[in-house]
>>> print(open('coords.txt').read())   # compact mmCIF, C-alpha atoms
# COMPACT_ATOMS: atom_id res chain seq x y z
CA MET A 72 5.76 -48.95 29.32
CA ILE A 73 5.24 -51.77 26.76
CA CYS A 74 2.76 -54.61 27.22
CA PRO A 75 4.77 -57.90 26.96
CA ARG A 76 1.83 -59.67 25.35
CA CYS A 77 0.13 -57.30 22.88
CA LYS A 78 2.96 -54.73 22.67
CA LYS A 79 0.77 -51.66 23.34
CA VAL A 80 2.60 -48.61 24.67
CA TYR A 81 1.42 -46.88 27.86
CA SER A 82 2.42 -44.14 30.27
CA LYS A 83 4.69 -45.18 33.08
CA HIS A 84 1.81 -44.68 35.53
CA MET A 85 -0.19 -47.54 34.00
CA LYS A 86 0.03 -50.95 35.73
CA TYR A 87 -2.17 -53.17 33.55
CA CYS A 88 -2.81 -53.47 29.83
CA ILE A 89 -6.30 -52.30 28.86
CA SER A 90 -6.54 -54.83 26.03
CA CYS A 91 -5.32 -58.08 27.60
CA GLY A 92 -5.00 -57.35 31.31
CA THR A 93 -1.31 -58.23 31.45
CA GLU A 94 0.72 -56.51 34.16
CA LEU A 95 2.98 -53.83 32.74
CA VAL A 96 6.65 -53.87 33.75
CA GLU A 97 9.31 -51.19 33.48
CA SER A 98 12.22 -53.26 32.05
CA ASP A 99 13.03 -56.17 29.80
CA GLU A 100 14.28 -58.14 32.84
CA ASN A 101 10.91 -57.87 34.50
CA VAL A 102 9.22 -59.00 31.29
CA ILE A 103 11.48 -62.10 31.16
CA SER A 104 10.89 -62.89 34.84
CA VAL A 105 7.12 -62.63 34.41
CA GLU A 106 7.20 -64.98 31.44
CA ARG A 107 9.39 -67.46 33.40
CA GLU A 108 6.97 -67.44 36.32
CA ILE A 109 4.06 -68.11 33.99
CA VAL A 110 5.83 -71.08 32.39
CA GLN A 111 7.08 -72.58 35.68
CA SER A 112 3.70 -72.32 37.34
CA GLY A 113 2.05 -74.05 34.40
CA GLY A 114 -0.47 -71.27 33.90
CA PHE A 115 -1.59 -67.86 35.04
CA ASP A 116 -2.42 -68.81 38.64
CA GLY A 117 -1.20 -66.11 40.98
CA ILE A 118 -0.20 -63.73 38.25
CA PHE A 119 -2.93 -61.28 39.14
CA ASP A 120 -2.65 -61.61 42.91
CA ASP A 121 -1.36 -58.04 43.15
CA ILE A 122 -4.43 -56.59 41.46
CA PRO A 123 -6.24 -54.46 44.05
CA PRO A 124 -9.61 -55.90 45.06
CA MET A 125 -12.74 -54.16 43.82
CA PRO A 126 -14.58 -52.30 46.59
CA ALA A 127 -17.90 -53.76 47.63
CA ASN A 128 -19.80 -50.59 46.76
CA ALA A 129 -18.15 -50.19 43.31
CA ASP A 130 -19.40 -51.55 40.06
CA TYR A 131 -16.83 -51.72 37.32
CA GLY A 132 -18.38 -54.46 35.26
CA ASN A 133 -16.34 -57.45 34.18
CA ALA A 134 -13.16 -55.52 33.47
CA GLY A 135 -11.57 -56.17 36.81
CA GLY A 136 -10.05 -53.94 39.43
CA PHE A 137 -7.37 -52.70 37.09
CA VAL A 138 -9.98 -50.50 35.35
CA ARG A 139 -10.18 -48.38 38.44
CA GLU A 140 -6.45 -47.79 38.47
CA ILE A 141 -6.42 -47.12 34.76
CA SER A 142 -9.08 -44.43 35.16
CA MET A 143 -7.24 -42.82 38.06
CA SER A 144 -3.91 -42.90 36.28
CA ALA A 145 -5.40 -41.39 33.13
CA ALA A 146 -7.01 -38.60 35.14
CA GLU A 147 -3.77 -37.82 36.97
CA ASP A 148 -1.64 -37.79 33.85
CA LYS A 149 -3.94 -36.50 31.10
CA HIS A 150 -1.36 -34.03 29.80
CA SER A 151 1.19 -36.77 29.17
CA LEU A 152 -1.04 -38.75 26.80
CA PRO A 153 0.15 -38.29 23.19
CA GLN A 154 -2.26 -36.68 20.70
CA SER A 155 -4.64 -35.65 23.50
CA CYS A 156 -7.64 -33.45 22.66
CA MET A 157 -6.18 -30.51 24.54
CA GLU A 158 -2.93 -30.72 22.59
CA LYS A 159 -4.81 -30.90 19.29
CA LYS A 160 -6.97 -27.91 20.18
CA GLY A 161 -3.89 -25.99 21.25
CA ARG A 162 -2.10 -26.71 18.00
CA VAL A 163 -5.16 -25.77 15.93
CA PHE A 164 -5.49 -22.49 17.84
CA ILE A 165 -1.82 -21.64 17.32
CA VAL A 166 -2.01 -22.41 13.59
CA LEU A 167 -5.17 -20.32 13.26
CA LEU A 168 -3.56 -17.46 15.16
CA LYS A 169 -0.45 -17.55 12.98
CA ASN A 170 -2.47 -17.62 9.75
CA THR A 171 -4.63 -14.73 10.93
CA ALA A 172 -1.54 -12.71 11.83
CA ALA A 173 0.01 -13.53 8.44
CA VAL A 174 -3.13 -12.32 6.64
CA LEU A 175 -3.09 -9.07 8.62
CA MET A 176 0.57 -8.58 7.75
CA SER A 177 -0.32 -9.18 4.10
CA VAL A 178 -2.86 -6.35 4.32
CA VAL A 179 -0.21 -4.13 5.90
CA LEU A 180 2.19 -5.03 3.09
CA MET A 181 -0.37 -4.18 0.39
CA THR A 182 -1.20 -0.85 2.06
CA ALA A 183 2.49 -0.02 2.39
CA VAL A 184 3.10 -0.74 -1.30
CA ILE A 185 0.25 1.56 -2.36
CA ALA A 186 1.16 4.31 0.10
CA ALA A 187 4.87 4.24 -0.74
CA SER A 188 4.14 4.43 -4.48
CA MET A 189 1.76 7.36 -4.06
CA SER A 190 4.17 9.15 -1.73
CA ALA A 191 7.04 8.73 -4.19
CA ALA A 192 4.84 9.96 -7.05
CA GLY A 193 3.73 12.99 -5.03
CA ARG A 194 7.32 13.82 -4.20
CA ALA A 195 8.29 13.46 -7.86
CA LEU A 196 5.43 15.80 -8.78
CA THR A 197 7.18 18.65 -6.96
CA GLU A 198 10.40 18.29 -8.98
CA GLU A 199 10.97 21.00 -11.58
CA ARG A 200 11.46 18.63 -14.53
CA ASN A 201 8.18 16.88 -13.79
CA ILE A 202 6.42 20.19 -13.23
CA ALA A 203 7.61 21.26 -16.68
CA LYS A 204 6.07 18.10 -18.14
CA GLY A 205 2.86 18.85 -16.27
CA VAL A 206 2.61 22.44 -17.50
CA GLU A 207 3.35 21.25 -21.02
CA GLY A 208 0.56 18.71 -20.74
CA MET A 209 -2.02 21.34 -19.74
CA ASP A 210 -4.01 23.47 -22.15
CA LEU A 211 -3.85 26.70 -20.16
CA LEU A 212 -5.58 28.76 -22.84
CA SER A 213 -8.71 26.65 -22.41
CA LEU A 214 -9.04 27.54 -18.72
CA PRO A 215 -11.84 29.95 -17.72
CA ILE A 216 -10.74 33.57 -17.56
CA SER A 217 -12.41 34.08 -14.18
CA GLY A 218 -9.78 34.38 -11.47
CA PHE A 219 -6.86 35.02 -13.83
CA LEU A 220 -7.41 38.43 -15.42
CA GLN A 221 -9.55 41.50 -14.77
CA THR A 222 -12.21 41.76 -17.50
CA GLU A 223 -14.14 44.81 -16.33
CA GLY A 224 -14.86 47.18 -19.17
CA TYR A 225 -14.90 44.40 -21.76
CA ASP A 226 -17.85 42.50 -23.13
CA ILE A 227 -16.54 39.11 -22.05
CA PRO A 228 -18.89 36.28 -20.89
CA GLU A 229 -18.24 34.89 -17.43
CA ASP A 230 -17.60 31.41 -18.80
CA ALA A 231 -15.15 32.60 -21.47
CA THR A 232 -11.77 30.93 -21.73
CA ILE A 233 -8.45 32.74 -21.46
CA GLU A 234 -8.00 32.44 -25.22
CA GLU A 235 -11.44 33.94 -25.90
CA ALA A 236 -10.90 36.75 -23.39
CA ILE A 237 -7.50 37.70 -24.86
CA THR A 238 -9.08 37.81 -28.33
CA VAL A 239 -11.66 40.35 -27.10
CA MET A 240 -9.20 42.40 -25.04
CA THR A 241 -6.65 42.70 -27.88
CA ALA A 242 -9.16 43.53 -30.60
CA GLY A 243 -7.65 46.00 -33.08
CA SER A 244 -4.05 45.25 -32.07
CA GLY A 245 -3.47 42.62 -34.71
CA VAL A 246 -3.78 39.76 -32.22
CA ASN A 247 -6.63 37.39 -33.05
CA SER A 248 -7.85 33.89 -32.19
CA GLY A 249 -5.78 32.48 -35.05
CA ASN A 250 -2.39 33.52 -33.64
CA ILE A 251 -2.92 33.67 -29.87
CA ARG A 252 -2.00 30.01 -29.50
CA THR A 253 1.01 30.50 -31.78
CA ILE A 254 2.25 33.33 -29.59
CA TYR A 255 1.80 31.20 -26.47
CA GLU A 256 3.67 28.22 -27.93
CA ASN A 257 6.61 30.32 -29.22
CA SER A 258 6.95 32.71 -26.31
CA ASP A 259 8.45 32.32 -22.84
CA VAL A 260 5.03 32.23 -21.19
CA GLU A 261 5.12 28.47 -20.64
CA SER A 262 8.61 28.69 -19.12
CA PHE A 263 7.45 31.55 -16.90
CA ILE A 264 4.51 29.50 -15.60
CA THR A 265 6.78 26.48 -15.12
CA ALA A 266 9.19 28.55 -13.02
CA ILE A 267 6.36 29.79 -10.81
CA ALA A 268 4.95 26.26 -10.40
CA ALA A 269 8.44 24.96 -9.60
CA ASP A 270 8.75 27.55 -6.81
CA TYR A 271 5.49 26.31 -5.32
CA GLY A 272 6.65 22.72 -5.72
CA GLU A 273 9.83 23.53 -3.82
CA TYR A 274 7.72 25.17 -1.13
CA ILE A 275 5.75 21.95 -0.70
CA ARG A 276 8.94 19.86 -0.60
CA SER A 277 11.08 21.99 1.69
CA GLY A 278 8.96 24.86 2.97
CA LYS A 279 10.91 27.52 1.05
CA VAL A 280 8.49 30.38 0.42
CA PRO A 281 8.24 31.25 -3.32
CA ASP A 282 8.73 34.72 -4.71
CA LYS A 283 5.65 36.86 -5.02
CA ILE A 284 4.20 37.31 -8.50
CA THR A 285 4.10 40.99 -9.36
CA ALA A 286 2.78 43.08 -12.22
CA GLU A 287 6.35 44.13 -13.02
CA MET A 288 7.35 40.50 -13.57
CA VAL A 289 4.49 40.01 -16.03
CA LYS A 290 5.28 43.31 -17.81
CA ASP A 291 8.90 42.20 -18.23
CA LEU A 292 7.65 38.90 -19.68
CA PHE A 293 5.54 40.83 -22.17
CA SER A 294 8.43 43.06 -23.18
CA GLU A 295 10.79 40.11 -23.68
CA ASN A 296 8.35 38.51 -26.09
CA LEU A 297 7.43 41.56 -28.19
CA SER A 298 9.37 40.15 -31.12
CA VAL A 299 7.41 36.88 -30.95
CA ILE A 300 4.13 38.80 -30.87
CA ASN A 301 5.15 40.97 -33.82
CA LYS A 302 6.28 37.97 -35.84
CA SER A 303 3.19 35.88 -35.06
CA THR A 304 0.69 38.66 -35.83
CA GLY A 305 2.56 40.32 -38.68
CA TYR A 306 1.76 43.57 -36.91
CA ILE A 307 4.37 45.75 -35.18
CA LEU A 308 3.06 46.89 -31.83
CA VAL A 309 3.49 50.62 -31.37
CA GLU A 310 4.16 52.35 -28.04
CA GLU A 311 0.47 53.03 -27.54
CA ASP A 312 -0.28 49.29 -27.83
CA ILE A 313 2.48 48.45 -25.40
CA GLN A 314 1.28 50.99 -22.81
CA LEU A 315 -2.26 49.66 -23.15
CA ALA A 316 -0.98 46.15 -22.44
CA TYR A 317 0.94 47.42 -19.42
CA SER A 318 -2.14 49.09 -18.01
CA GLU A 319 -4.17 45.89 -18.36
CA ILE A 320 -1.45 43.97 -16.58
CA GLU A 321 -1.42 46.48 -13.73
CA ARG A 322 -5.19 46.15 -13.42
CA SER A 323 -4.67 42.45 -12.66
CA ALA A 324 -2.08 43.11 -9.93
CA GLU A 325 -4.66 42.39 -7.21
CA LEU A 326 -5.31 38.99 -8.75
CA PHE A 327 -1.60 38.23 -8.66
CA ASP A 328 -1.61 39.06 -4.96
CA SER A 329 -4.65 36.87 -4.34
CA ILE A 330 -3.08 33.73 -5.84
CA TYR A 331 0.14 34.18 -3.86
CA LEU A 332 0.30 31.25 -1.45
CA ILE A 333 -3.44 30.75 -1.92
CA ASP A 334 -4.58 27.89 0.35
CA MET A 335 -0.93 26.90 0.86
CA GLN A 336 -1.45 26.93 4.62
CA SER A 337 -4.59 24.82 4.50
CA GLU A 338 -4.86 21.53 6.39
CA SER A 339 -4.94 19.52 3.15
CA VAL A 340 -1.67 21.07 1.98
CA ARG A 341 0.00 20.34 5.31
CA LEU A 342 -1.17 16.73 5.14
CA PHE A 343 0.12 16.42 1.58
CA ARG A 344 3.49 17.85 2.60
CA ALA A 345 3.71 15.31 5.42
CA PHE A 346 2.61 12.47 3.13
CA ILE A 347 5.38 13.07 0.57
CA SER A 348 8.10 13.83 3.13
CA THR A 349 11.22 11.66 3.20
CA PRO A 350 10.56 10.31 6.73
CA MET A 351 7.05 9.26 5.75
CA LEU A 352 8.29 7.57 2.57
CA ALA A 353 10.91 5.72 4.61
CA ALA A 354 8.23 4.71 7.14
CA PHE A 355 6.05 3.21 4.38
CA ALA A 356 9.02 1.26 3.01
CA ALA A 357 9.97 0.03 6.49
CA ALA A 358 6.38 -1.06 7.16
CA GLY A 359 6.35 -3.13 3.98
CA ILE A 360 9.70 -4.78 4.70
CA GLY A 361 8.72 -5.41 8.32
CA ALA A 362 5.41 -6.99 7.30
CA ALA A 363 7.20 -9.34 4.91
CA ALA A 364 9.70 -10.30 7.64
CA VAL A 365 6.90 -11.03 10.12
CA ILE A 366 5.12 -13.22 7.55
CA ALA A 367 8.31 -15.23 7.02
CA ALA A 368 8.82 -15.61 10.78
CA LEU A 369 5.23 -16.74 11.36
CA LEU A 370 4.95 -19.27 8.56
CA LYS A 371 8.53 -20.65 8.53
CA ASN A 372 7.84 -22.13 5.11
CA GLY A 373 9.40 -20.73 1.96
CA THR A 374 6.60 -21.50 -0.50
CA ARG A 375 3.79 -20.37 1.83
CA THR A 376 5.70 -17.20 2.70
CA ALA A 377 6.15 -16.46 -0.99
CA LYS A 378 2.39 -16.74 -1.57
CA TYR A 379 1.50 -14.55 1.41
CA ILE A 380 3.89 -11.88 0.09
CA ALA A 381 3.01 -12.28 -3.58
CA VAL A 382 -0.75 -11.79 -3.17
CA PRO A 383 -0.55 -8.33 -1.53
CA LEU A 384 2.11 -7.25 -4.02
CA ILE A 385 -0.10 -8.19 -6.97
CA ALA A 386 -3.22 -6.70 -5.37
CA GLY A 387 -1.42 -3.46 -4.50
CA GLY A 388 0.09 -3.19 -7.96
CA LEU A 389 -3.29 -3.70 -9.62
CA VAL A 390 -4.83 -0.99 -7.43
CA ILE A 391 -2.07 1.45 -8.42
CA LEU A 392 -2.47 0.64 -12.11
CA ALA A 393 -6.27 0.98 -11.98
CA VAL A 394 -6.23 4.31 -10.12
CA THR A 395 -3.51 5.71 -12.40
CA PHE A 396 -5.46 4.70 -15.51
CA MET A 397 -8.68 6.26 -14.19
CA PHE A 398 -6.80 9.43 -13.19
CA SER A 399 -5.01 9.82 -16.51
CA MET A 400 -8.17 9.11 -18.55
CA GLN A 401 -10.36 11.11 -16.13
CA ILE A 402 -13.01 8.44 -15.84
CA GLY A 403 -15.03 7.21 -12.87
CA PHE A 404 -14.63 9.41 -9.82
CA PHE A 405 -12.12 11.64 -11.64
CA GLY A 406 -14.56 12.33 -14.47
CA THR A 407 -16.71 14.67 -12.36
CA ALA A 408 -14.09 17.43 -11.95
CA ASP A 409 -14.60 20.99 -13.19
CA VAL A 410 -12.62 22.47 -16.07
CA VAL A 411 -9.76 23.86 -13.99
CA THR A 412 -9.37 20.71 -11.90
CA SER A 413 -9.57 18.60 -15.05
CA GLU A 414 -6.69 20.51 -16.67
CA VAL A 415 -4.64 20.27 -13.47
CA MET A 416 -5.21 16.52 -13.40
CA LYS A 417 -4.10 16.30 -17.04
CA GLY A 418 -0.87 18.07 -16.15
CA MET A 419 -0.29 15.91 -13.06
CA SER A 420 -0.97 12.78 -15.09
CA ALA A 421 1.56 13.82 -17.70
CA ALA A 422 4.10 14.42 -14.95
CA VAL A 423 3.82 11.26 -12.83
CA SER A 424 1.77 8.62 -14.69
CA ASP A 425 4.94 6.94 -15.93
CA ILE A 426 6.24 6.65 -12.37
CA LEU A 427 3.00 5.15 -11.08
CA TYR A 428 2.66 2.73 -14.00
CA LYS A 429 6.20 1.50 -13.36
CA ALA A 430 5.56 1.14 -9.61
CA GLY A 431 2.31 -0.77 -10.12
CA GLY A 432 3.70 -2.94 -12.90
CA GLY A 433 6.83 -3.70 -10.89
CA ALA A 434 4.80 -4.85 -7.88
CA VAL A 435 2.66 -7.14 -10.06
CA PHE A 436 5.77 -8.53 -11.78
CA ILE A 437 7.56 -9.34 -8.51
CA GLY A 438 4.41 -10.94 -7.11
CA ALA A 439 3.99 -13.07 -10.22
CA LEU A 440 7.61 -14.23 -9.97
CA LEU A 441 7.08 -15.30 -6.36
CA ILE A 442 3.95 -17.25 -7.31
CA ILE A 443 5.82 -19.02 -10.14
CA TRP A 444 8.76 -19.81 -7.85
CA SER A 445 6.46 -21.21 -5.16
CA ALA A 446 4.60 -23.42 -7.65
CA THR A 447 7.87 -24.67 -9.15
CA VAL A 448 9.35 -25.61 -5.78
CA LYS A 449 6.16 -27.38 -4.76
CA ARG A 450 6.11 -29.37 -8.00
CA VAL A 451 9.75 -30.39 -7.62
CA LYS A 452 9.16 -31.59 -4.05
CA ALA A 453 6.15 -33.61 -5.19
CA VAL A 454 8.29 -35.41 -7.76
>>> encode(input="coords.txt", output="structure tokens")
Amino acid sequence: MICPRCKKVYSKHMKYCISCGTELVESDENVISVEREIVQSGGFDGIFDDIPPMPANADYGNAGGFVREISMSAAEDKHSLPQSCMEKKGRVFIVLLKNTAAVLMSVVLMTAVIAASMSAAGRALTEERNIAKGVEGMDLLSLPISGFLQTEGYDIPEDATIEEAITVMTAGSGVNSGNIRTIYENSDVESFITAIAADYGEYIRSGKVPDKITAEMVKDLFSENLSVINKSTGYILVEEDIQLAYSEIERSAELFDSIYLIDMQSESVRLFRAFISTPMLAAFAAAGIGAAAVIAALLKNGTRTAKYIAVPLIAGGLVILAVTFMFSMQIGFFGTADVVTSEVMKGMSAAVSDILYKAGGGAVFIGALLIIWSATVKRVKAV
């Protein structure tokens, strides 16, 4: 409805203009007829004859009886009024709800990025080539002798390293602290340890039980490297020396049994196996993709969607980079580990740090590109 005098627009339920009191009509023909009646009558006499009289007990001021009808019409049709308070509140609530949901999905996306990267790195850690890098990155001779070899009958301190213990145990055989490391580096010992670690890595990946370490396997390793020992020491080991070495290896057979599948059935190992499994890695990736899709569906705006996706990518990438740096440098929380754990962390860092640095850096790079794209599009639209 349009007021023919002041041109204000009203709902079809309104009968009189609030501003000027003119009767509202539903068509242009009615407007013309009203104007003609006004002109022919020479004034406004009779124009408001249809206005309902004001009840005797009502007090509506000087506005006239049409105020009563206006109030009733407004009450009956409050939902049809444009820009009503209820509509505004509803829209604000919906926008707030969508933004809150988008923020939650951003958190899910960041968590998925971190979890997927860690899961992929853990899975890579069980691969033989990465295990070889890890073993190579560890200084095994600096590990404490306790738990690796039997030292009864020798004057060896409890906190002695493997290198120090071997020096004491091989005294008089030509092997000394100056060539023990040379023998280790030139022998097959590192490859032997890598093969054992690779078997345990395969067990974690697929559940295939590794072969048991036996004294005979270690004795064969010793025999295969006799030439390296002789060359490194400049001393040819005689049969008596060889038999003495065999007996010491056999004395440690119980230790070999004790480290076989040690703690491999623990709850932490089972959780780790589940964490790096292919289904779990796929679930993390799907969660990230799904969160990004939900953000896009909620916001329905390319530049805003890009920002809501870019922020969690950058944040997740920075977390990965920071944790990887602290782990590889063994600072912060990782700086409180004991000697054995510290060496294991050094080996793990050598094996998977590159993967984690690439994952974290890639997430930050993609996020930065999205931010740049969003800012560029916004600038172009402004121009």
>>> residues_around(input="coords.txt", residues="Lys449 of chain A", least_positions_apart="2", cutoff="12 Å", atoms="only C-alpha atoms", output="PDB file with C-alpha atoms, keeping the file's coordinate frame")
ATOM      1  CA  ASN A 372       7.840 -22.130   5.110  1.00  0.00           C
ATOM      2  CA  GLY A 373       9.400 -20.730   1.960  1.00  0.00           C
ATOM      3  CA  THR A 374       6.600 -21.500  -0.500  1.00  0.00           C
ATOM      4  CA  ARG A 375       3.790 -20.370   1.830  1.00  0.00           C
ATOM      5  CA  ALA A 377       6.150 -16.460  -0.990  1.00  0.00           C
ATOM      6  CA  LYS A 378       2.390 -16.740  -1.570  1.00  0.00           C
ATOM      7  CA  ILE A 442       3.950 -17.250  -7.310  1.00  0.00           C
ATOM      8  CA  ILE A 443       5.820 -19.020 -10.140  1.00  0.00           C
ATOM      9  CA  TRP A 444       8.760 -19.810  -7.850  1.00  0.00           C
ATOM     10  CA  SER A 445       6.460 -21.210  -5.160  1.00  0.00           C
ATOM     11  CA  ALA A 446       4.600 -23.420  -7.650  1.00  0.00           C
ATOM     12  CA  THR A 447       7.870 -24.670  -9.150  1.00  0.00           C
ATOM     13  CA  VAL A 451       9.750 -30.390  -7.620  1.00  0.00           C
ATOM     14  CA  LYS A 452       9.160 -31.590  -4.050  1.00  0.00           C
ATOM     15  CA  ALA A 453       6.150 -33.610  -5.190  1.00  0.00           C
ATOM     16  CA  VAL A 454       8.290 -35.410  -7.760  1.00  0.00           C
TER      17      VAL A 454
END
>>> atom_distance(input="coords.txt", atom1="atom CA of Asp259 of chain A", atom2="atom CA of Phe293 of chain A")
9.0 Å
>>> residues_near_point(input="coords.txt", point="(-3.8, 19.9, -26.4)", cutoff="12 Å", atoms="only C-alpha atoms", output="ChimeraX atom specification")
/A:206-213,252,256,414,417-418,421
>>> residues_near_point(input="coords.txt", point="(1.2, 46.0, -16.9)", cutoff="12 Å", atoms="all atoms listed in the file", output="list in words")
Leu220, Gln221, Thr285, Ala286, Glu287, Met288, Val289, Lys290, Asp291, Leu292, Phe293, Ser294, Asp312, Ile313, Gln314, Leu315, Ala316, Tyr317, Ser318, Glu319, Ile320, Glu321, Arg322, Ser323, Ala324, Glu325 and Phe327 of chain A
>>> closest_atom_pairs(input="coords.txt", of="segment 353-390 of chain A", to="segment 187-198 of chain A", cutoff="9 Å", atoms="all atoms listed in the file", output="JSON lines")
{"residue": "A:Ala353", "atom": "CA", "partner": "A:Ala187", "partner_atom": "CA", "distance": 8.2}
{"residue": "A:Ala354", "atom": "CA", "partner": "A:Ala187", "partner_atom": "CA", "distance": 8.6}
{"residue": "A:Phe355", "atom": "CA", "partner": "A:Ala187", "partner_atom": "CA", "distance": 5.4}
{"residue": "A:Ala356", "atom": "CA", "partner": "A:Ala187", "partner_atom": "CA", "distance": 6.3}
{"residue": "A:Gly359", "atom": "CA", "partner": "A:Ala187", "partner_atom": "CA", "distance": 8.9}
>>> atom_distance(input="coords.txt", atom1="atom CA of Lys204 of chain A", atom2="atom CA of Ala422 of chain A")
5.3 Å
>>> residues_around(input="coords.txt", residues="Ile185 of chain A", least_positions_apart="2", cutoff="8 Å", atoms="all atoms listed in the file", output="VMD selection string")
chain A and resid 181 to 183 187 to 189 387 to 388 390 to 391
>>> write_last_selection(input="coords.txt", atoms="C-alpha atoms", output="short mmCIF file (atom, residue, chain, number, x, y, z; two decimals), in the frame of the given file")
data_model
loop_
_atom_site.label_atom_id
_atom_site.label_comp_id
_atom_site.auth_asym_id
_atom_site.auth_seq_id
_atom_site.Cartn_x
_atom_site.Cartn_y
_atom_site.Cartn_z
CA MET A 181 -0.37 -4.18 0.39
CA THR A 182 -1.20 -0.85 2.06
CA ALA A 183 2.49 -0.02 2.39
CA ALA A 187 4.87 4.24 -0.74
CA SER A 188 4.14 4.43 -4.48
CA MET A 189 1.76 7.36 -4.06
CA GLY A 387 -1.42 -3.46 -4.50
CA GLY A 388 0.09 -3.19 -7.96
CA VAL A 390 -4.83 -0.99 -7.43
CA ILE A 391 -2.07 1.45 -8.42
#
>>> atom_distance(input="coords.txt", atom1="atom CA of Ala358 of chain A", atom2="atom CA of Lys429 of chain A")
20.7 Å
>>> residues_around(input="coords.txt", residues="segment 166-180 of chain A", least_positions_apart="3", cutoff="7 Å", atoms="only C-alpha atoms", output="VMD selection string")
chain A and resid 162 to 163 183 to 184 359 362 to 363 366 369 379 to 380 383
>>> write_last_selection(input="coords.txt", atoms="C-alpha atoms", output="mmCIF file, in the frame of the given file")
data_model
loop_
_atom_site.group_PDB
_atom_site.id
_atom_site.type_symbol
_atom_site.label_atom_id
_atom_site.label_comp_id
_atom_site.auth_asym_id
_atom_site.auth_seq_id
_atom_site.Cartn_x
_atom_site.Cartn_y
_atom_site.Cartn_z
ATOM 1 C CA ARG A 162 -2.100 -26.710 18.000
ATOM 2 C CA VAL A 163 -5.160 -25.770 15.930
ATOM 3 C CA ALA A 183 2.490 -0.020 2.390
ATOM 4 C CA VAL A 184 3.100 -0.740 -1.300
ATOM 5 C CA GLY A 359 6.350 -3.130 3.980
ATOM 6 C CA ALA A 362 5.410 -6.990 7.300
ATOM 7 C CA ALA A 363 7.200 -9.340 4.910
ATOM 8 C CA ILE A 366 5.120 -13.220 7.550
ATOM 9 C CA LEU A 369 5.230 -16.740 11.360
ATOM 10 C CA TYR A 379 1.500 -14.550 1.410
ATOM 11 C CA ILE A 380 3.890 -11.880 0.090
ATOM 12 C CA PRO A 383 -0.550 -8.330 -1.530
#
>>> residues_around(input="coords.txt", residues="Gly432 of chain A", least_positions_apart="2", cutoff="8 Å", atoms="all atoms listed in the file", output="VMD selection string")
chain A and resid 388 to 389 392 428 to 430 434 to 436
